[in-house]
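Student: Following this message is one structure expressed as structure tokens.
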Amino acid sequence: MWLPVPVAVTMGAMAQAVETIVISLGSNLGDARSHLAFAVARIGDLDPTHGCRVLAVSALYRTVPWQADGPDFLNAVVVLQGPGDDAAPRRLLHALQDIERARGRERPYRYAPRTLDLDLILYGPRIVESADLVLPHPRALQRAFVLRPLADVMPDINWPGLGAAWQDHLAGLSDPPPVPLDDPDWPSQRGRRSPSP
């Protein structure tokens with residue numbers, strides 16, 4: 001269940017080639033819902049400085065930690081359109097890291113509990129392998145908390161090297177499935193409230 005998030009698009013952004021981008025959001029420290037709402041708002045603000053436009057925000061999901069410590073996570077997925085130039089994925093990665101830091105993200109050890117975790121999952125058809133960035137995200141196909149919300153909001157997305165067959169990975173996961181949460185104030189749910197009597 002989702003509603004597109006309206007974002008103004010500049011003529012400059014429309015004139016250049018655009019690619020579909022997937023970002024996974026997670027939090028299991030502090031006010032997790034507030035951390036994720038902050039991230040969605042800041043991602044929405046990336047246009048015009050980064051030329052990104054939000055296409056969809058998934059529902060919120062509660063997920064048991066995947067190779068991580070601490071309480072359950074809240075997770076969601078945001079789908080964007082963004083510029084297709086060679087430097088764009090790294091610019092976006094650095095912007096996401098800035099958003100994490102603004103919410104107090106620390107990395108004391110791998111898979112530690114976190115206030116905010118923003119993973120760049122896909123950037124169009126790109127396949128990138130470098131020290132600071134790997135696309136598609138190397139563990140995304142093992143994570144129901146990425147694939148389940150993505151299947152809800154963008155089931156036909158083309159996964160590099162897999163096409164639409166990426167959904168077969170979701171069907172084969174044995175982890176406990178993420179549980180969708182009913183949150184009428186979450187961006188994907190706004191406008192779906194029952195009318196007042």
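Simple scheme: letters A, B, ... for chains in structure tokens order, numbers from 1 for residues in each chain, numbers from 1 for ligands in the order shown.
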Compile the contact shell of Pro138 of chain A as a list of chain:residue names: residues with an atom at most 9 Å away, counting only C-alpha atoms, same-chain residues fewer than 4 positions apart removed.
Tutor: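 Counting only C-alpha atoms, the residues come to A:Ile121, A:Val134, A:Gln142.
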Student: Neighbours of Asp98 of chain A within 12 Å (only C-alpha atoms; same-chain residues fewer than 3 positions away dropped), as a VMD selection string?
Tutor: chain A and resid 39 42 to 43 46 91 to 95 101 to 106 116 to 118
Student: Output C-alpha atoms of each residue in that selection to a file, as an mmCIF file, in the first residue's frame.
Tutor:
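Result saved to again.cif:
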```cif
data_model
loop_
_atom_site.group_PDB
_atom_site.id
_atom_site.type_symbol
_atom_site.label_atom_id
_atom_site.label_comp_id
_atom_site.auth_asym_id
_atom_site.auth_seq_id
_atom_site.Cartn_x
_atom_site.Cartn_y
_atom_site.Cartn_z
ATOM 1 C CA ALA A 39 15.081 10.184 6.659
ATOM 2 C CA ARG A 42 15.477 14.562 4.071
ATOM 3 C CA ILE A 43 15.536 12.213 1.062
ATOM 4 C CA LEU A 46 17.493 16.000 -2.208
ATOM 5 C CA ARG A 91 26.998 11.827 -4.458
ATOM 6 C CA LEU A 92 23.818 10.140 -3.270
ATOM 7 C CA LEU A 93 25.742 7.724 -1.035
ATOM 8 C CA HIS A 94 27.486 10.642 0.688
ATOM 9 C CA ALA A 95 24.175 12.474 1.098
ATOM 10 C CA ARG A 101 25.055 11.198 10.933
ATOM 11 C CA ALA A 102 22.434 13.908 11.488
ATOM 12 C CA ARG A 103 20.414 11.289 13.378
ATOM 13 C CA GLY A 104 23.352 10.149 15.520
ATOM 14 C CA ARG A 105 24.382 7.037 13.584
ATOM 15 C CA GLU A 106 27.405 5.344 15.118
ATOM 16 C CA LEU A 116 19.325 5.095 11.274
ATOM 17 C CA ASP A 117 20.618 2.860 8.501
ATOM 18 C CA LEU A 118 20.237 3.990 4.884
#
```
Student: Mind listing the helix (DSSP H, G or I) residues of segment 22-123 of chain A, per DSSP on the backbone, as an NGL selection string?
Tutor: :A and (32-44 or 88-102)
Student: Residues as selected, N, CA and C atoms, written as a PDB file, in the first residue's frame, can you do that?
Tutor:
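Contents of again_27.pdb, as written:
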```pdb
ATOM      1  N   ALA A  32      12.472   4.836  16.637  1.00  0.00           N
ATOM      2  CA  ALA A  32      12.763   4.344  15.295  1.00  0.00           C
ATOM      3  C   ALA A  32      11.852   4.970  14.252  1.00  0.00           C
ATOM      4  N   ARG A  33      10.576   5.120  14.569  1.00  0.00           N
ATOM      5  CA  ARG A  33       9.652   5.689  13.593  1.00  0.00           C
ATOM      6  C   ARG A  33      10.032   7.135  13.263  1.00  0.00           C
ATOM      7  N   SER A  34      10.413   7.889  14.301  1.00  0.00           N
ATOM      8  CA  SER A  34      10.831   9.271  14.085  1.00  0.00           C
ATOM      9  C   SER A  34      12.097   9.343  13.237  1.00  0.00           C
ATOM     10  N   HIS A  35      13.042   8.429  13.478  1.00  0.00           N
ATOM     11  CA  HIS A  35      14.266   8.404  12.675  1.00  0.00           C
ATOM     12  C   HIS A  35      13.947   8.160  11.197  1.00  0.00           C
ATOM     13  N   LEU A  36      13.041   7.209  10.935  1.00  0.00           N
ATOM     14  CA  LEU A  36      12.708   6.899   9.548  1.00  0.00           C
ATOM     15  C   LEU A  36      11.928   8.034   8.892  1.00  0.00           C
ATOM     16  N   ALA A  37      11.021   8.674   9.640  1.00  0.00           N
ATOM     17  CA  ALA A  37      10.285   9.809   9.087  1.00  0.00           C
ATOM     18  C   ALA A  37      11.241  10.954   8.744  1.00  0.00           C
ATOM     19  N   PHE A  38      12.229  11.166   9.597  1.00  0.00           N
ATOM     20  CA  PHE A  38      13.258  12.179   9.337  1.00  0.00           C
ATOM     21  C   PHE A  38      13.983  11.858   8.030  1.00  0.00           C
ATOM     22  N   ALA A  39      14.347  10.590   7.862  1.00  0.00           N
ATOM     23  CA  ALA A  39      15.081  10.184   6.659  1.00  0.00           C
ATOM     24  C   ALA A  39      14.242  10.395   5.407  1.00  0.00           C
ATOM     25  N   VAL A  40      12.960  10.017   5.449  1.00  0.00           N
ATOM     26  CA  VAL A  40      12.098  10.191   4.281  1.00  0.00           C
ATOM     27  C   VAL A  40      12.005  11.672   3.913  1.00  0.00           C
ATOM     28  N   ALA A  41      11.850  12.532   4.924  1.00  0.00           N
ATOM     29  CA  ALA A  41      11.764  13.971   4.653  1.00  0.00           C
ATOM     30  C   ALA A  41      13.053  14.498   4.040  1.00  0.00           C
ATOM     31  N   ARG A  42      14.188  14.086   4.594  1.00  0.00           N
ATOM     32  CA  ARG A  42      15.477  14.562   4.071  1.00  0.00           C
ATOM     33  C   ARG A  42      15.752  14.010   2.671  1.00  0.00           C
ATOM     34  N   ILE A  43      15.375  12.767   2.411  1.00  0.00           N
ATOM     35  CA  ILE A  43      15.536  12.213   1.062  1.00  0.00           C
ATOM     36  C   ILE A  43      14.672  13.010   0.079  1.00  0.00           C
ATOM     37  N   GLY A  44      13.472  13.380   0.514  1.00  0.00           N
ATOM     38  CA  GLY A  44      12.608  14.197  -0.331  1.00  0.00           C
ATOM     39  C   GLY A  44      13.190  15.559  -0.643  1.00  0.00           C
ATOM     40  N   ALA A  88      26.859  10.374  -9.925  1.00  0.00           N
ATOM     41  CA  ALA A  88      25.624  10.499  -9.156  1.00  0.00           C
ATOM     42  C   ALA A  88      25.484   9.479  -8.029  1.00  0.00           C
ATOM     43  N   PRO A  89      25.800   8.185  -8.225  1.00  0.00           N
ATOM     44  CA  PRO A  89      25.622   7.240  -7.114  1.00  0.00           C
ATOM     45  C   PRO A  89      26.462   7.593  -5.886  1.00  0.00           C
ATOM     46  N   ARG A  90      27.700   8.023  -6.091  1.00  0.00           N
ATOM     47  CA  ARG A  90      28.535   8.379  -4.940  1.00  0.00           C
ATOM     48  C   ARG A  90      28.050   9.662  -4.264  1.00  0.00           C
ATOM     49  N   ARG A  91      27.569  10.615  -5.057  1.00  0.00           N
ATOM     50  CA  ARG A  91      26.998  11.827  -4.458  1.00  0.00           C
ATOM     51  C   ARG A  91      25.825  11.460  -3.563  1.00  0.00           C
ATOM     52  N   LEU A  92      24.972  10.553  -4.061  1.00  0.00           N
ATOM     53  CA  LEU A  92      23.818  10.140  -3.270  1.00  0.00           C
ATOM     54  C   LEU A  92      24.263   9.367  -2.038  1.00  0.00           C
ATOM     55  N   LEU A  93      25.234   8.474  -2.183  1.00  0.00           N
ATOM     56  CA  LEU A  93      25.742   7.724  -1.035  1.00  0.00           C
ATOM     57  C   LEU A  93      26.221   8.675   0.056  1.00  0.00           C
ATOM     58  N   HIS A  94      26.978   9.688  -0.304  1.00  0.00           N
ATOM     59  CA  HIS A  94      27.486  10.642   0.688  1.00  0.00           C
ATOM     60  C   HIS A  94      26.349  11.437   1.327  1.00  0.00           C
ATOM     61  N   ALA A  95      25.334  11.776   0.539  1.00  0.00           N
ATOM     62  CA  ALA A  95      24.175  12.474   1.098  1.00  0.00           C
ATOM     63  C   ALA A  95      23.443  11.589   2.108  1.00  0.00           C
ATOM     64  N   LEU A  96      23.312  10.291   1.805  1.00  0.00           N
ATOM     65  CA  LEU A  96      22.655   9.366   2.737  1.00  0.00           C
ATOM     66  C   LEU A  96      23.465   9.225   4.018  1.00  0.00           C
ATOM     67  N   GLN A  97      24.772   9.182   3.909  1.00  0.00           N
ATOM     68  CA  GLN A  97      25.618   9.100   5.100  1.00  0.00           C
ATOM     69  C   GLN A  97      25.491  10.356   5.949  1.00  0.00           C
ATOM     70  N   ASP A  98      25.342  11.513   5.313  1.00  0.00           N
ATOM     71  CA  ASP A  98      25.116  12.758   6.060  1.00  0.00           C
ATOM     72  C   ASP A  98      23.797  12.697   6.828  1.00  0.00           C
ATOM     73  N   ILE A  99      22.756  12.137   6.199  1.00  0.00           N
ATOM     74  CA  ILE A  99      21.461  11.999   6.876  1.00  0.00           C
ATOM     75  C   ILE A  99      21.593  11.071   8.074  1.00  0.00           C
ATOM     76  N   GLU A 100      22.313   9.953   7.914  1.00  0.00           N
ATOM     77  CA  GLU A 100      22.539   9.037   9.038  1.00  0.00           C
ATOM     78  C   GLU A 100      23.233   9.761  10.196  1.00  0.00           C
ATOM     79  N   ARG A 101      24.296  10.499   9.882  1.00  0.00           N
ATOM     80  CA  ARG A 101      25.055  11.198  10.933  1.00  0.00           C
ATOM     81  C   ARG A 101      24.193  12.242  11.640  1.00  0.00           C
ATOM     82  N   ALA A 102      23.308  12.900  10.888  1.00  0.00           N
ATOM     83  CA  ALA A 102      22.434  13.908  11.488  1.00  0.00           C
ATOM     84  C   ALA A 102      21.496  13.295  12.520  1.00  0.00           C
TER      85      ALA A 102
END
```
Student: Taking only segment 42-99 of chain A into account, list the residues labelled strand (DSSP E) by DSSP (computed from the backbone), as a list in words.
Tutor: Arg53, Val54, Leu55, Ala56, Val57, Tyr61, Arg62, Thr63, Phe73, Leu74, Asn75, Ala76, Val77, Val78, Val79, Leu80, Gln81, Gly82 and Pro83 of chain A
Student: What does the distance from atom CA of Pro71 of chain A to atom CA of Pro184 of chain A come to in Å, to one decimal?
Tutor: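 Separation of atom CA of Pro71 of chain A and atom CA of Pro184 of chain A: 23.1 Å.
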Student: Calculated over only C-alpha atoms, which of the candidates A:Gly124, A:Gly70, A:Gly163, A:Pro83 has the smallest distance to Pro136 of chain A?
Tutor: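 Answer, going by the shortest atom-to-atom distance: A:Gly124.
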Student: Please provide the set of residues having any atom within 10 Å of Leu173 of chain A, restricted to only C-alpha atoms, with same-chain residues fewer than 3 positions apart removed, written as an NGL selection string.
Tutor: :A and (141-144 or 147 or 168-170 or 176-177)
Student: Skipping near chain neighbours, those fewer than 2 positions away, what residues fall within 6 Å of Arg114 of chain A using only C-alpha atoms, listed as a CSV table (one decimal) with N, CA and C atoms, in the first residue's frame?
Tutor:
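Okay, out-v4.csv is ready:
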```csv
chain,number,residue,atom,x,y,z
A,27,SER,N,15.9,1.2,11.4
A,27,SER,CA,16.2,1.7,12.7
A,27,SER,C,15.8,0.8,13.8
A,28,ASN,N,16.6,0.6,14.8
A,28,ASN,CA,16.2,-0.1,16.0
A,28,ASN,C,16.7,0.5,17.3
A,29,LEU,N,17.1,1.7,17.3
A,29,LEU,CA,17.5,2.4,18.5
A,29,LEU,C,16.7,3.7,18.7
A,116,LEU,N,19.8,5.0,12.7
A,116,LEU,CA,19.3,5.1,11.3
A,116,LEU,C,20.3,4.4,10.4
```
Student: Given the choices A:Ile23, A:Val146, A:Leu162, A:Asp152, which gets closest to Pro125 of chain A if the distance is worked out from only C-alpha atoms?
Tutor: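 Of A:Ile23, A:Val146, A:Leu162, A:Asp152, the one nearest Pro125 of chain A is A:Leu162, counting only C-alpha atoms.
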Student: Would you please work out which residue, of A:Ala165, A:Ala87, A:Leu150, A:Leu181, is nearest to Leu133 of chain A when using only C-alpha atoms?
Tutor: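 Checking each candidate against Leu133 of chain A, we get A:Ala87 as the closest.
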Student: Tell me which protein, DNA and RNA residues are within 8 Å of segment 60-63 of chain A, counting only C-alpha atoms, leaving out same-chain ones fewer than 6 positions away, and put them as a list of chain:residue names.
Tutor: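 The contact residues come out as A:Asp72, A:Phe73, A:Leu74, A:Asn75, A:Ala76, A:Phe145, A:Pro149, A:Pro176, A:Pro177, A:Pro178, A:Val179, A:Pro180, A:Leu181, A:Asp182, A:Asp183, A:Trp186.
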Student: Only N, CA and C atoms, please: the residues just picked out, written as a PDB file, in the first residue's frame.
Tutor:
```pdb
ATOM      1  N   ASP A  72      13.649  -5.221  17.778  1.00  0.00           N
ATOM      2  CA  ASP A  72      13.178  -5.301  16.399  1.00  0.00           C
ATOM      3  C   ASP A  72      13.431  -3.990  15.662  1.00  0.00           C
ATOM      4  N   PHE A  73      13.568  -4.114  14.355  1.00  0.00           N
ATOM      5  CA  PHE A  73      13.752  -2.953  13.489  1.00  0.00           C
ATOM      6  C   PHE A  73      12.411  -2.472  12.962  1.00  0.00           C
ATOM      7  N   LEU A  74      12.354  -1.193  12.640  1.00  0.00           N
ATOM      8  CA  LEU A  74      11.364  -0.677  11.708  1.00  0.00           C
ATOM      9  C   LEU A  74      12.093  -0.472  10.390  1.00  0.00           C
ATOM     10  N   ASN A  75      11.450  -0.868   9.299  1.00  0.00           N
ATOM     11  CA  ASN A  75      12.062  -0.774   7.974  1.00  0.00           C
ATOM     12  C   ASN A  75      11.077  -0.201   6.969  1.00  0.00           C
ATOM     13  N   ALA A  76      11.628   0.359   5.907  1.00  0.00           N
ATOM     14  CA  ALA A  76      10.840   0.837   4.773  1.00  0.00           C
ATOM     15  C   ALA A  76      11.771   0.931   3.576  1.00  0.00           C
ATOM     16  N   PHE A 145      13.451  -7.702   4.602  1.00  0.00           N
ATOM     17  CA  PHE A 145      13.073  -6.336   4.972  1.00  0.00           C
ATOM     18  C   PHE A 145      13.382  -5.336   3.858  1.00  0.00           C
ATOM     19  N   PRO A 149       9.046  -4.822   1.169  1.00  0.00           N
ATOM     20  CA  PRO A 149       8.490  -3.502   0.843  1.00  0.00           C
ATOM     21  C   PRO A 149       8.720  -3.096  -0.610  1.00  0.00           C
ATOM     22  N   PRO A 176      11.795 -14.917   9.346  1.00  0.00           N
ATOM     23  CA  PRO A 176      10.430 -14.475   9.667  1.00  0.00           C
ATOM     24  C   PRO A 176      10.073 -13.271   8.794  1.00  0.00           C
ATOM     25  N   PRO A 177       8.896 -13.280   8.190  1.00  0.00           N
ATOM     26  CA  PRO A 177       8.558 -12.181   7.278  1.00  0.00           C
ATOM     27  C   PRO A 177       8.357 -10.870   8.020  1.00  0.00           C
ATOM     28  N   PRO A 178       8.728  -9.758   7.399  1.00  0.00           N
ATOM     29  CA  PRO A 178       8.437  -8.452   7.990  1.00  0.00           C
ATOM     30  C   PRO A 178       6.931  -8.262   8.134  1.00  0.00           C
ATOM     31  N   VAL A 179       6.530  -7.571   9.189  1.00  0.00           N
ATOM     32  CA  VAL A 179       5.112  -7.355   9.479  1.00  0.00           C
ATOM     33  C   VAL A 179       4.756  -5.909   9.141  1.00  0.00           C
ATOM     34  N   PRO A 180       3.823  -5.684   8.200  1.00  0.00           N
ATOM     35  CA  PRO A 180       3.445  -4.302   7.878  1.00  0.00           C
ATOM     36  C   PRO A 180       2.709  -3.659   9.049  1.00  0.00           C
ATOM     37  N   LEU A 181       2.978  -2.379   9.265  1.00  0.00           N
ATOM     38  CA  LEU A 181       2.363  -1.641  10.366  1.00  0.00           C
ATOM     39  C   LEU A 181       1.349  -0.652   9.817  1.00  0.00           C
ATOM     40  N   ASP A 182       0.242  -0.525  10.512  1.00  0.00           N
ATOM     41  CA  ASP A 182      -0.786   0.445  10.136  1.00  0.00           C
ATOM     42  C   ASP A 182      -0.464   1.757  10.838  1.00  0.00           C
ATOM     43  N   ASP A 183       0.048   2.713  10.087  1.00  0.00           N
ATOM     44  CA  ASP A 183       0.434   4.011  10.639  1.00  0.00           C
ATOM     45  C   ASP A 183      -0.143   5.089   9.730  1.00  0.00           C
ATOM     46  N   TRP A 186       2.197   7.854   8.385  1.00  0.00           N
ATOM     47  CA  TRP A 186       3.373   7.528   7.587  1.00  0.00           C
ATOM     48  C   TRP A 186       3.117   7.978   6.143  1.00  0.00           C
TER      49      TRP A 186
END
```
Student: Have a look at A:Glu19, A:Asp175, A:Asp132, A:Asp47 and name the one nearest to Arg148 of chain A; count only C-alpha atoms.
Tutor: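 Checking each of A:Glu19, A:Asp175, A:Asp132, A:Asp47 against Arg148 of chain A, counting only C-alpha atoms, the winner is A:Asp175.
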Student: Rank nothing, just name the residue among A:Ser188, A:Thr20, A:Ser174, A:Gln81 nearest to Ile157 of chain A, using only C-alpha atoms.
Tutor: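 The closest residue to Ile157 of chain A is A:Thr20.
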